[in-house]
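As provided, run-v4.tsv (TSV, C-alpha atoms) reads as follows.
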```tsv
chain	number	residue	atom	x	y	z
X	1	MET	CA	33.54	-57.94	36.15
X	2	GLN	CA	30.41	-59.07	34.37
X	3	THR	CA	29.24	-57.35	31.21
X	4	PRO	CA	27.27	-54.43	32.56
X	5	ASP	CA	23.77	-53.42	31.59
X	6	LEU	CA	24.91	-50.07	30.38
X	7	VAL	CA	21.91	-47.87	30.92
X	8	ASP	CA	20.56	-49.79	33.90
X	9	ASP	CA	23.76	-49.05	35.76
X	10	ILE	CA	23.33	-45.30	35.45
X	11	ALA	CA	22.02	-43.46	38.48
X	12	GLU	CA	21.65	-40.15	36.70
X	13	VAL	CA	22.39	-38.49	33.39
X	14	LEU	CA	24.63	-35.60	34.34
X	15	ILE	CA	25.11	-34.09	30.89
X	16	PRO	CA	22.72	-35.12	28.11
X	17	GLU	CA	24.00	-35.86	24.64
X	18	ALA	CA	22.47	-32.69	23.19
X	19	ASP	CA	24.27	-30.51	25.73
X	20	ILE	CA	27.57	-32.19	24.96
X	21	GLN	CA	27.14	-31.66	21.24
X	22	ALA	CA	26.19	-28.01	21.72
X	23	LYS	CA	29.23	-27.44	23.90
X	24	VAL	CA	31.51	-29.17	21.40
X	25	ARG	CA	30.22	-26.91	18.61
X	26	GLU	CA	30.81	-23.90	20.83
X	27	LEU	CA	34.37	-24.97	21.63
X	28	GLY	CA	35.04	-25.75	17.99
X	29	ALA	CA	33.91	-22.29	16.91
X	30	GLN	CA	36.03	-20.63	19.57
X	31	LEU	CA	39.10	-22.65	18.62
X	32	SER	CA	38.55	-21.84	14.95
X	33	ARG	CA	38.63	-18.13	15.78
X	34	ASP	CA	41.55	-18.30	18.20
X	35	TYR	CA	43.81	-20.34	15.90
X	36	GLU	CA	42.86	-18.79	12.57
X	37	GLY	CA	45.89	-18.65	10.27
X	38	ARG	CA	47.99	-20.84	12.55
X	39	PRO	CA	48.74	-24.51	12.02
X	40	LEU	CA	47.08	-26.35	14.86
X	41	THR	CA	47.80	-29.87	16.08
X	42	LEU	CA	45.23	-31.58	18.26
X	43	VAL	CA	46.72	-34.18	20.56
X	44	SER	CA	44.21	-36.60	21.99
X	45	VAL	CA	44.99	-38.64	25.06
X	46	LEU	CA	43.69	-42.17	24.66
X	47	LYS	CA	41.37	-43.72	25.39
X	48	GLY	CA	38.86	-41.53	27.15
X	49	SER	CA	39.10	-38.47	24.95
X	50	LEU	CA	38.47	-40.35	21.71
X	51	PRO	CA	34.77	-39.43	21.26
X	52	PHE	CA	35.44	-35.83	22.29
X	53	MET	CA	38.35	-35.57	19.87
X	54	ALA	CA	36.31	-37.06	17.02
X	55	ASP	CA	33.49	-34.58	17.55
X	56	LEU	CA	35.68	-31.57	18.31
X	57	MET	CA	37.88	-31.89	15.24
X	58	ARG	CA	34.77	-31.89	13.07
X	59	ALA	CA	33.52	-28.77	14.81
X	60	ILE	CA	36.70	-26.88	13.94
X	61	SER	CA	36.59	-25.07	10.63
X	62	ILE	CA	40.31	-24.32	10.20
X	63	PRO	CA	42.91	-26.85	8.99
X	64	VAL	CA	44.15	-29.10	11.79
X	65	THR	CA	46.37	-32.11	12.12
X	66	ILE	CA	45.73	-34.71	14.76
X	67	ASP	CA	47.89	-37.02	16.79
X	68	LEU	CA	47.26	-39.55	19.53
X	69	MET	CA	49.04	-40.37	22.74
X	70	GLU	CA	48.48	-42.96	25.41
X	71	VAL	CA	49.89	-42.81	28.90
X	72	SER	CA	49.90	-45.62	31.42
X	73	SER	CA	47.66	-45.19	34.43
X	74	TYR	CA	48.60	-45.88	38.02
X	75	GLY	CA	45.90	-48.48	38.54
X	76	GLY	CA	46.91	-50.45	35.51
X	77	ALA	CA	50.54	-50.39	36.44
X	78	VAL	CA	50.69	-51.33	40.09
X	79	THR	CA	52.04	-54.71	39.18
X	80	GLU	CA	54.67	-53.33	36.80
X	81	THR	CA	58.20	-53.42	38.00
X	82	SER	CA	59.09	-49.89	36.94
X	83	GLY	CA	56.33	-48.28	39.00
X	84	LEU	CA	56.57	-45.18	36.83
X	85	VAL	CA	54.20	-43.60	34.37
X	86	ARG	CA	55.07	-44.46	30.78
X	87	ILE	CA	54.20	-43.22	27.34
X	88	LEU	CA	52.45	-46.20	25.81
X	89	LYS	CA	51.92	-44.42	22.50
X	90	ASP	CA	54.00	-41.44	21.56
X	91	LEU	CA	53.32	-38.73	19.01
X	92	SER	CA	53.76	-39.87	15.44
X	93	ALA	CA	55.02	-36.50	14.16
X	94	SER	CA	57.12	-33.65	15.47
X	95	ILE	CA	55.30	-30.79	17.17
X	96	GLU	CA	58.31	-28.47	17.25
X	97	GLY	CA	57.25	-24.94	16.36
X	98	ARG	CA	53.59	-25.89	16.11
X	99	ASP	CA	50.59	-24.73	18.08
X	100	VAL	CA	49.45	-27.73	20.07
X	101	LEU	CA	46.17	-28.30	21.85
X	102	ILE	CA	45.85	-31.22	24.24
X	103	VAL	CA	42.36	-32.64	24.04
X	104	GLU	CA	41.31	-34.27	27.29
X	105	ASP	CA	38.07	-35.90	28.36
X	106	ILE	CA	38.35	-35.02	32.04
X	107	ILE	CA	40.79	-33.35	34.39
X	108	ASP	CA	40.50	-34.29	38.04
X	109	THR	CA	43.72	-34.73	40.00
X	110	GLY	CA	45.77	-33.25	37.17
X	111	LEU	CA	48.57	-35.76	37.76
X	112	THR	CA	48.49	-37.30	34.29
X	113	LEU	CA	48.22	-33.95	32.57
X	114	ASN	CA	51.00	-32.49	34.68
X	115	TYR	CA	53.25	-35.28	33.48
X	116	LEU	CA	52.09	-34.88	29.89
X	117	LEU	CA	52.65	-31.13	29.87
X	118	ARG	CA	56.23	-31.56	31.04
X	119	TYR	CA	56.79	-34.19	28.37
X	120	LEU	CA	55.29	-32.17	25.53
X	121	ARG	CA	56.99	-28.91	26.55
X	122	GLY	CA	60.26	-30.76	26.02
X	123	LYS	CA	59.34	-31.12	22.36
X	124	ASN	CA	59.38	-27.34	21.88
X	125	PRO	CA	55.94	-26.59	20.48
X	126	ARG	CA	55.20	-22.96	19.61
X	127	SER	CA	52.34	-23.02	22.08
X	128	LEU	CA	50.75	-25.65	24.29
X	129	ARG	CA	47.20	-25.32	25.51
X	130	ILE	CA	44.57	-27.54	27.05
X	131	CYS	CA	41.01	-28.25	26.04
X	132	ALA	CA	39.08	-30.42	28.46
X	133	LEU	CA	35.47	-31.44	28.12
X	134	LEU	CA	35.07	-31.99	31.86
X	135	ASP	CA	36.72	-30.33	34.80
X	136	LYS	CA	36.34	-31.83	38.27
X	137	PRO	CA	38.06	-29.16	40.42
X	138	ALA	CA	37.20	-30.79	43.75
X	139	ARG	CA	39.68	-33.54	43.03
X	140	ARG	CA	42.54	-31.33	41.89
X	141	LEU	CA	45.99	-31.97	43.32
X	142	VAL	CA	48.03	-30.23	40.65
X	143	ASP	CA	46.89	-26.78	39.62
X	144	ILE	CA	46.36	-26.78	35.87
X	145	ASP	CA	45.35	-23.83	33.72
X	146	ILE	CA	42.59	-25.10	31.45
X	147	ASP	CA	42.36	-22.87	28.39
X	148	TYR	CA	39.16	-24.35	26.99
X	149	ARG	CA	36.71	-25.97	29.39
X	150	GLY	CA	33.47	-27.70	28.46
X	151	PHE	CA	31.77	-28.35	31.78
X	152	SER	CA	32.76	-28.02	35.38
X	153	ILE	CA	31.25	-31.01	37.15
X	154	PRO	CA	30.64	-31.96	40.78
X	155	ASP	CA	32.67	-34.52	42.62
X	156	ARG	CA	30.96	-37.63	41.34
X	157	PHE	CA	32.15	-40.71	39.51
X	158	VAL	CA	31.15	-40.20	35.89
X	159	ILE	CA	31.18	-42.46	32.88
X	160	GLY	CA	30.12	-42.29	29.25
X	161	TYR	CA	31.25	-40.35	26.18
X	162	GLY	CA	34.66	-42.00	26.42
X	163	LEU	CA	34.86	-42.26	30.20
X	164	ASP	CA	34.92	-45.78	31.55
X	165	TYR	CA	34.66	-47.94	34.57
X	166	GLY	CA	36.54	-51.18	34.03
X	167	GLU	CA	36.74	-50.34	30.30
X	168	HIS	CA	32.95	-50.29	29.99
X	169	TYR	CA	30.44	-47.48	29.39
X	170	ARG	CA	32.71	-45.54	27.02
X	171	ASN	CA	30.17	-45.86	24.22
X	172	LEU	CA	27.33	-44.13	26.05
X	173	PRO	CA	26.52	-40.87	24.24
X	174	PHE	CA	25.99	-38.90	27.46
X	175	ILE	CA	27.86	-38.27	30.68
X	176	GLY	CA	26.28	-40.25	33.48
X	177	VAL	CA	26.79	-41.01	37.12
X	178	LEU	CA	27.34	-44.66	37.89
X	179	LYS	CA	25.26	-46.29	40.59
X	180	PRO	CA	27.51	-46.82	43.61
X	181	GLU	CA	26.45	-50.43	43.91
X	182	VAL	CA	28.03	-51.11	40.53
X	183	TYR	CA	31.53	-50.35	41.71
X	184	SER	CA	30.93	-51.32	45.33
X	185	ALA	CA	29.81	-54.82	44.38
X	186	PRO	CA	32.26	-57.55	45.43
O	187	MET	CA	74.72	-54.96	49.07
O	188	THR	CA	76.41	-53.61	45.98
O	189	ALA	CA	78.91	-50.81	45.86
O	190	SER	CA	76.50	-48.53	44.03
O	191	LEU	CA	73.87	-49.05	46.69
O	192	LEU	CA	76.40	-48.09	49.33
O	193	ILE	CA	77.11	-44.89	47.44
O	194	ASP	CA	73.41	-44.19	47.06
O	195	ALA	CA	72.88	-44.78	50.74
O	196	GLN	CA	75.56	-42.24	51.50
O	197	ASP	CA	73.91	-39.71	49.18
O	198	ALA	CA	70.53	-40.44	50.66
O	199	ALA	CA	71.66	-39.58	54.16
O	200	ASP	CA	71.46	-35.91	53.23
O	201	THR	CA	67.89	-36.14	51.94
O	202	PRO	CA	65.85	-38.42	54.15
O	203	ARG	CA	62.16	-39.10	53.72
O	204	THR	CA	61.88	-37.87	50.17
O	205	SER	CA	60.76	-39.26	46.88
O	206	THR	CA	63.10	-39.96	44.01
O	207	ALA	CA	60.72	-38.93	41.28
O	208	ALA	CA	62.27	-37.48	38.16
O	209	GLY	CA	61.00	-36.28	34.80
O	210	PRO	CA	58.97	-37.93	32.08
O	211	SER	CA	60.01	-41.30	30.77
O	212	THR	CA	59.96	-43.05	27.44
O	213	ALA	CA	58.00	-46.14	26.57
O	214	SER	CA	60.82	-48.19	27.98
O	215	GLY	CA	60.30	-46.57	31.32
O	216	THR	CA	63.70	-44.91	31.24
O	217	PRO	CA	63.60	-41.40	32.65
O	218	MET	CA	64.31	-38.75	30.07
O	219	THR	CA	65.84	-36.17	32.30
O	220	ASP	CA	69.42	-35.94	33.44
O	221	GLY	CA	71.24	-39.07	32.47
O	222	ASP	CA	69.71	-41.71	30.30
O	223	ALA	CA	72.55	-44.06	31.07
O	224	PRO	CA	71.68	-47.70	31.53
O	225	GLY	CA	71.42	-48.64	35.14
O	226	ARG	CA	70.11	-45.27	36.27
O	227	ALA	CA	66.64	-46.64	36.85
O	228	ARG	CA	68.21	-49.48	38.81
O	229	ARG	CA	70.13	-46.98	40.93
O	230	ARG	CA	66.92	-45.03	41.48
O	231	ARG	CA	65.13	-48.12	42.73
O	232	ALA	CA	68.03	-48.87	45.05
O	233	LEU	CA	67.88	-45.32	46.32
O	234	ALA	CA	64.15	-45.63	46.85
O	235	VAL	CA	64.75	-48.61	49.11
O	236	VAL	CA	67.18	-46.62	51.17
O	237	THR	CA	65.02	-43.50	51.49
O	238	GLU	CA	61.60	-45.12	51.97
O	239	PRO	CA	60.12	-43.33	54.97
O	240	ARG	CA	58.18	-45.03	57.68
O	241	PHE	CA	54.70	-43.89	56.92
O	242	ALA	CA	52.25	-43.56	59.74
O	243	HIS	CA	49.43	-44.94	57.65
O	244	ALA	CA	49.02	-47.26	54.68
O	245	SER	CA	47.04	-44.60	52.82
O	246	GLU	CA	50.06	-42.28	53.01
O	247	ALA	CA	52.27	-44.99	51.55
O	248	GLU	CA	49.77	-45.50	48.75
O	249	LEU	CA	49.61	-41.76	48.02
O	250	ALA	CA	53.41	-41.68	47.92
O	251	ARG	CA	53.36	-44.50	45.38
O	252	ILE	CA	50.86	-42.57	43.25
O	253	LEU	CA	53.00	-39.43	43.37
O	254	ASP	CA	56.07	-41.47	42.54
O	255	PHE	CA	54.26	-43.07	39.63
O	256	TYR	CA	53.46	-39.66	38.14
O	257	MET	CA	56.95	-38.39	38.97
O	258	VAL	CA	55.80	-35.72	41.36
O	259	ARG	CA	58.54	-35.12	43.91
O	260	TRP	CA	57.42	-35.25	47.54
O	261	GLU	CA	58.82	-34.98	51.01
O	262	TYR	CA	57.25	-36.75	53.94
O	263	GLU	CA	56.53	-34.57	56.96
O	264	PRO	CA	59.47	-32.27	56.27
O	265	ARG	CA	58.30	-29.46	58.55
O	266	THR	CA	56.38	-28.99	61.76
O	267	PHE	CA	54.48	-25.75	62.06
O	268	PRO	CA	53.88	-24.36	65.54
O	269	ILE	CA	50.25	-23.32	65.85
O	270	LEU	CA	49.80	-22.62	69.55
O	271	TRP	CA	52.07	-21.10	72.16
O	272	ASN	CA	51.73	-20.68	75.92
O	273	LEU	CA	52.24	-17.39	77.72
O	274	GLU	CA	55.94	-18.12	78.00
O	275	GLY	CA	56.14	-18.34	74.24
O	276	GLN	CA	56.67	-22.07	74.22
O	277	VAL	CA	55.08	-24.17	71.50
O	278	VAL	CA	52.28	-26.24	72.95
O	279	GLU	CA	50.71	-27.42	69.72
O	280	SER	CA	52.08	-27.98	66.25
O	281	PHE	CA	51.05	-29.46	62.96
O	282	ALA	CA	53.13	-31.46	60.51
O	283	PRO	CA	51.40	-31.91	57.15
O	284	ASP	CA	52.02	-35.35	55.67
O	285	PHE	CA	53.53	-34.31	52.35
O	286	TYR	CA	55.21	-31.36	50.74
O	287	LEU	CA	55.39	-31.29	46.94
O	288	PRO	CA	58.28	-28.91	46.27
O	289	ASP	CA	57.72	-28.53	42.54
O	290	LEU	CA	54.12	-27.51	43.15
O	291	ASP	CA	54.77	-25.69	46.42
O	292	LEU	CA	51.85	-27.62	47.84
O	293	TRP	CA	51.29	-29.30	51.17
O	294	LEU	CA	49.03	-32.34	51.46
O	295	GLU	CA	47.41	-33.71	54.57
O	296	LEU	CA	45.75	-37.07	54.32
O	297	THR	CA	43.27	-38.06	56.99
O	298	THR	CA	41.36	-41.28	56.71
O	299	LEU	CA	40.71	-41.91	60.37
O	300	ARG	CA	37.54	-41.61	62.42
O	301	GLN	CA	35.45	-38.45	62.52
O	302	SER	CA	36.59	-37.25	65.95
O	303	LEU	CA	40.17	-37.15	64.72
O	304	VAL	CA	39.07	-35.47	61.50
O	305	ARG	CA	37.43	-32.69	63.54
O	306	LYS	CA	40.61	-32.20	65.50
O	307	LYS	CA	42.63	-32.08	62.31
O	308	ASN	CA	40.21	-29.61	60.73
O	309	ARG	CA	40.66	-27.32	63.71
O	310	LYS	CA	44.43	-27.52	63.50
O	311	LEU	CA	44.28	-26.88	59.79
O	312	ARG	CA	42.16	-23.76	60.29
O	313	ARG	CA	44.67	-22.51	62.81
O	314	LEU	CA	47.53	-23.28	60.42
O	315	ARG	CA	45.85	-21.30	57.65
O	316	GLU	CA	45.29	-18.36	59.98
O	317	LEU	CA	48.92	-18.26	61.03
O	318	TYR	CA	50.48	-19.06	57.67
O	319	PRO	CA	48.10	-17.67	55.06
O	320	MET	CA	50.60	-18.06	52.25
O	321	LEU	CA	50.73	-21.80	52.77
O	322	ARG	CA	49.04	-23.81	50.03
O	323	ILE	CA	47.63	-26.90	51.69
O	324	LYS	CA	45.03	-29.44	50.69
O	325	LEU	CA	43.32	-31.84	53.02
O	326	LEU	CA	42.34	-35.21	51.63
O	327	TYR	CA	39.63	-37.01	53.58
O	328	ALA	CA	38.80	-40.71	53.51
O	329	ARG	CA	36.18	-40.07	50.82
O	330	ASP	CA	38.77	-38.29	48.68
O	331	PHE	CA	41.20	-41.14	49.07
O	332	ARG	CA	38.47	-43.63	48.27
O	333	ALA	CA	37.62	-41.69	45.12
O	334	LEU	CA	41.27	-41.78	44.15
O	335	MET	CA	41.30	-45.54	44.56
O	336	LEU	CA	38.12	-45.81	42.52
O	337	LYS	CA	39.68	-43.75	39.75
O	338	TYR	CA	42.67	-46.06	39.61
O	339	GLY	CA	40.59	-49.22	39.83
O	340	ARG	CA	41.94	-50.01	43.29
O	341	LEU	CA	38.71	-49.74	45.22
O	342	ASP	CA	39.12	-53.34	46.29
O	343	VAL	CA	42.10	-52.42	48.44
O	344	ALA	CA	40.78	-49.06	49.64
O	345	ALA	CA	39.11	-50.51	52.72
O	346	SER	CA	42.40	-51.95	53.94
O	347	LEU	CA	44.18	-48.65	53.42
O	348	ILE	CA	41.87	-46.26	55.22
O	349	GLY	CA	40.75	-45.89	58.79
O	350	THR	CA	42.19	-47.94	61.62
O	351	ASP	CA	42.82	-50.88	59.30
O	352	GLY	CA	45.44	-48.84	57.51
O	353	GLN	CA	47.49	-47.85	60.51
O	354	MET	CA	51.06	-48.99	60.20
O	355	MET	CA	52.54	-51.25	62.83
O	356	THR	CA	56.08	-50.08	62.19
O	357	PRO	CA	57.65	-47.37	64.34
O	358	VAL	CA	56.89	-43.92	63.06
O	359	VAL	CA	59.46	-41.16	62.83
O	360	ARG	CA	57.69	-37.86	63.26
O	361	PRO	CA	59.31	-34.44	63.16
O	362	ASP	CA	58.16	-33.60	66.65
O	363	ALA	CA	59.59	-36.82	68.05
O	364	PRO	CA	63.20	-37.06	69.24
O	365	ALA	CA	65.33	-36.58	66.18
O	366	ALA	CA	66.66	-39.63	64.46
O	367	GLU	CA	70.36	-39.81	63.88
O	368	GLY	CA	71.35	-37.49	61.08
O	369	SER	CA	68.01	-35.73	60.81
O	370	VAL	CA	67.25	-32.11	61.59
O	371	PRO	CA	64.12	-31.53	63.67
O	372	ALA	CA	61.87	-28.84	62.25
O	373	VAL	CA	60.73	-27.56	65.62
O	374	ALA	CA	63.17	-25.25	67.32
O	375	ARG	CA	64.13	-25.64	70.96
O	376	PRO	CA	61.26	-24.93	73.37
O	377	ASP	CA	62.94	-21.91	74.91
O	378	ALA	CA	63.24	-20.11	71.59
O	379	PRO	CA	60.99	-17.08	71.03
O	380	ALA	CA	57.77	-18.08	69.33
O	381	ALA	CA	58.42	-16.06	66.20
O	382	ASP	CA	61.80	-17.73	65.81
O	383	VAL	CA	60.15	-21.09	66.21
O	384	ALA	CA	57.74	-20.25	63.41
O	385	ARG	CA	60.49	-19.02	61.14
O	386	SER	CA	62.63	-22.06	61.79
O	387	ALA	CA	59.70	-24.27	60.92
O	388	TYR	CA	59.11	-22.59	57.60
O	389	PRO	CA	61.67	-19.88	56.91
O	390	SER	CA	60.03	-18.46	53.80
O	391	ILE	CA	56.78	-17.67	55.59
O	392	GLU	CA	56.37	-14.98	58.18
O	393	PRO	CA	53.65	-15.30	60.83
O	394	VAL	CA	50.72	-12.95	60.52
O	395	PRO	CA	51.55	-9.55	62.03
O	396	GLY	CA	50.18	-9.30	65.53
O	397	ARG	CA	50.54	-12.98	66.17
O	398	PRO	CA	53.22	-14.20	68.57
```

Conversion result in structure tokens:
Amino acid sequence: MQTPDLVDDIAEVLIPEADIQAKVRELGAQLSRDYEGRPLTLVSVLKGSLPFMADLMRAISIPVTIDLMEVSSYGGAVTETSGLVRILKDLSASIEGRDVLIVEDIIDTGLTLNYLLRYLRGKNPRSLRICALLDKPARRLVDIDIDYRGFSIPDRFVIGYGLDYGEHYRNLPFIGVLKPEVYSAP
Amino acid sequence: MTASLLIDAQDAADTPRTSTAAGPSTASGTPMTDGDAPGRARRRRALAVVTEPRFAHASEAELARILDFYMVRWEYEPRTFPILWNLEGQVVESFAPDFYLPDLDLWLELTTLRQSLVRKKNRKLRRLRELYPMLRIKLLYARDFRALMLKYGRLDVAASLIGTDGQMMTPVVRPDAPAAEGSVPAVARPDAPAADVARSAYPSIEPVPGRP
């Protein structure tokens, strides 16, 4: 894949930067109220949720700790011999007895999150909730209860604000729709 | 063939056409559920070889691999649902969804073929939902499957997995075909009352009152 012309490859800006930032502030305020007086751990799922996590944690006014996880993806693992999802980066601290919030960039099929929820529940947190910036319900295979939702989006391939195509476009400050010819090109 | 594989094959005879997905795994790929003993993953792979169903379509095989990857248990065409009966109460049309995900109580039907077949499948699906309203079923079209491939960076192979290009050449074992040795057909005998046929196809679901 050639280095893409980031903005030229965008067919449409689906969610402008200002709207994202306003929503993040709104979510941060709500989380600050809901978790007041309770130790909260934010768990970000690399790599896509990194910008969302960075902005959200700064929009929360109560004390929080953060942790990072990375889970292998099907597409990146088709050549692996195990053929099973793996934790590439595990939590660095125990979450037992703590209130935990999974911070996700997007939930579509729900397969990754379904796996992650089962894994984290096994670590006996006091509570386990989900905060997702984007929800693409048309693609859902596994029903997931999203406790904090930023935007519900249509069934389109989106990039930017952490979301990638071929590891590119993550640094765009908005959520955009990629031109089909970009990913259809041979 | 090793002794353990022979044992697995014996075990597998009771549960044909199913996945072997288990719980979450560690960074080493070792499942973290029952039994972390060395060799368990090897046994699981051996079992997978034994229980691999004969998929009707390459897209179904790919979807099974995705579900396996995320450790979502599945069964391939485990039930056939009668959806139309003649005046004698005999089943004249039935529908066997491609996958059942027992942990999610969800049925999946994958259709990547041409539009005329999609229309036929849509009609059967509507009928299925009328007769079995408690059934949770999702229909994945070619565009949905293509989006899935795009998400996983496998768009390059999508074209070979959908439509007529993806049809398998191997014999297909379908629930409404003559039963393979050791398997239990989901459809009851043709002379059974229609309601019994429905219940035998999916015992936990009763047909809508007023229906045959």

Worksheet item: Got a sec: who's within 10 Å of region 303-314 of chain O, counting all atoms listed in the file, leaving out chain neighbours fewer than 5 positions off, as a list in words?
Response: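 With the cut-off at 10 Å, the set is Phe267, Pro268, Ile269, Leu270, Glu279, Ser280, Phe281, Ala282, Pro283, Glu295, Leu296, Thr297, Thr298, Pro319, Leu321, Ile323, Lys324, Leu325, Tyr327 and Ala328 of chain O.
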
Distance table requested - chain X against chain O, cut-off 6 Å, all atoms listed in the file: one row per qualifying residue with the closest atom pair and its distance in Å to one decimal, ordered by chain and rising residue number, as CSV.
```
residue,atom,partner,partner_atom,distance
X:Gly75,CA,O:Tyr338,CA,4.2
X:Gly83,CA,O:Phe255,CA,5.6
X:Leu84,CA,O:Phe255,CA,4.2
X:Val85,CA,O:Phe255,CA,5.3
X:Arg86,CA,O:Ala213,CA,5.4
X:Ile87,CA,O:Ala213,CA,4.9
X:Leu88,CA,O:Ala213,CA,5.6
X:Tyr119,CA,O:Pro210,CA,5.7
```

For CA of Pro137 (chain X) and CA of Asp108 (chain X), the interatomic separation in Å (one decimal):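 So the two atoms, CA of Pro137 (chain X) and CA of Asp108 (chain X), lie 6.2 Å apart.
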
The distance between CA of Tyr262 (chain O) and CA of Asp135 (chain X) is 28.8 Å

Residues within 9 Å of Pro51 (chain X), please, as a ChimeraX atom specification. Count all atoms listed in the file; anything in the same chain fewer than 2 positions from it doesn't count.
/X:47-49,53-56,105,161-162,170-171,173

Check your understanding: Which value, in Å to one decimal, gives the distance between CA of Glu36 (chain X) and CA of Asp67 (chain X)?
Key ->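 Answer for the CA of Glu36 (chain X) to CA of Asp67 (chain X) separation: 19.4 Å.
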
Notebook entry, point to check: If you count all atoms listed in the file, which residues fall within 12 Å of Leu178 (chain X), apart from same-chain ones fewer than 6 positions away, as number ranges by chain?
Noted result: X: 4-14, 156-160, 163-166, 168-169, 172, 184; O: 336

key: Within-10 Å shell of (43.3, -25.2, 33.6) in input frame, all atoms listed in the file, as a VMD selection string   = chain X and resid 107 110 129 to 132 135 137 142 to 149
